[in-house]
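Asker: Take this structure first; my questions come after.
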Amino acid sequence: MRYTDQQPQPQVPLSKEVSMPVEFRIVKHSIRPVNLVEVILDSKVIATICPDDDTGIRVISAHITKTIEDDGSTSFPPIPHVTVLFNPHKP
């Protein structure tokens, strides 16, 4: 048996398990004097984050598949957060 340093590299199939990084882009609203944040996945805008009233934000998207609210009780210090999952292929 001959030793070789060229070991076969594992092939990672491009599937739903391999995720592309989510990117953000700040843009001006076309009518109102506010900035918006475009959420980009797989080179396509899949959501927009905009102000909601004076003290909140709104995530607008047809690609949301799941939202998870966490009260922060499992972290220290406890910091509540919301996770939003997207499927860029959802119409």
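Please note that chains go A, B, ... in the order of the structure tokens, that every chain numbers its residues from 1, and that ligands are numbered from 1 in the order shown.
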For Ile60 in chain A, please output as a JSON list (two decimals) with N, CA and C atoms, in the first residue's frame all residues within 9 Å (counting only C-alpha atoms; exclusion window: fewer than 6 positions along the same chain).

Answerer:
[["chain", "number", "residue", "atom", "x", "y", "z"],
["A", 46, "ILE", "N", -35.29, 39.49, 0.12],
["A", 46, "ILE", "CA", -36.35, 38.61, 0.61],
["A", 46, "ILE", "C", -37.19, 39.26, 1.71],
["A", 47, "ALA", "N", -36.75, 40.42, 2.20],
["A", 47, "ALA", "CA", -37.51, 41.10, 3.24],
["A", 47, "ALA", "C", -37.07, 42.55, 3.34],
["A", 48, "THR", "N", -37.91, 43.33, 3.96],
["A", 48, "THR", "CA", -37.61, 44.72, 4.25],
["A", 48, "THR", "C", -37.92, 44.98, 5.72],
["A", 49, "ILE", "N", -37.01, 45.68, 6.39],
["A", 49, "ILE", "CA", -37.22, 46.08, 7.77],
["A", 49, "ILE", "C", -37.44, 47.58, 7.77],
["A", 50, "CYS", "N", -38.55, 48.00, 8.37],
["A", 50, "CYS", "CA", -38.87, 49.43, 8.36],
["A", 50, "CYS", "C", -39.39, 49.85, 9.74]]

Asker: Could you give me, as a PyMOL selection string, the residues within 10 Å of Lys90 in chain A, counting only C-alpha atoms and dropping anything in the same chain fewer than 6 positions from it?

Answerer: chain A and resi 46+62-65

Asker: Restrict the selected residues to N, CA and C atoms and save them as a CSV table (one decimal), in the first residue's frame.

Answerer:
chain,number,residue,atom,x,y,z
A,46,ILE,N,-35.3,39.5,0.1
A,46,ILE,CA,-36.4,38.6,0.6
A,46,ILE,C,-37.2,39.3,1.7
A,62,ALA,N,-42.7,38.0,2.0
A,62,ALA,CA,-43.6,36.9,1.7
A,62,ALA,C,-42.8,35.6,1.9
A,63,HIS,N,-41.5,35.7,2.3
A,63,HIS,CA,-40.6,34.5,2.4
A,63,HIS,C,-40.4,34.0,3.8
A,64,ILE,N,-41.1,34.6,4.8
A,64,ILE,CA,-41.0,34.2,6.2
A,64,ILE,C,-41.6,32.8,6.3
A,65,THR,N,-40.8,31.9,6.9
A,65,THR,CA,-41.3,30.5,7.2
A,65,THR,C,-41.6,30.3,8.6

Asker: Would you kindly return, as number ranges by chain, each protein, DNA or RNA residue with an atom no farther than 12 Å from any atom of Asp52 in chain A, considering only C-alpha atoms and excluding same-chain residues fewer than 6 positions away?

Answerer: A: 34, 36, 58-60

Asker: Once you have the residues from the selection above, write them out as a PDB file, in the first residue's frame, restricted to C-alpha atoms.

Answerer:
ATOM      1  CA  VAL A  34     -36.908  57.167   6.366  1.00  0.00           C
ATOM      2  CA  LEU A  36     -35.181  50.898   5.192  1.00  0.00           C
ATOM      3  CA  ARG A  58     -41.745  45.804  11.077  1.00  0.00           C
ATOM      4  CA  VAL A  59     -40.365  42.948   8.983  1.00  0.00           C
ATOM      5  CA  ILE A  60     -42.196  42.707   5.658  1.00  0.00           C
TER       6      ILE A  60
END

Asker: Counting only C-alpha atoms, which residue out of A:Ile68, A:Ser30, A:Glu23, A:Ser73 sits closest to Asp42 in chain A?

Answerer: A:Glu23

Asker: Quick one: distance from CA of Val82 in chain A to CA of His29 in chain A in Å, one decimal?

Answerer: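 Atom-to-atom, CA of Val82 in chain A to CA of His29 in chain A, that is 24.2 Å.
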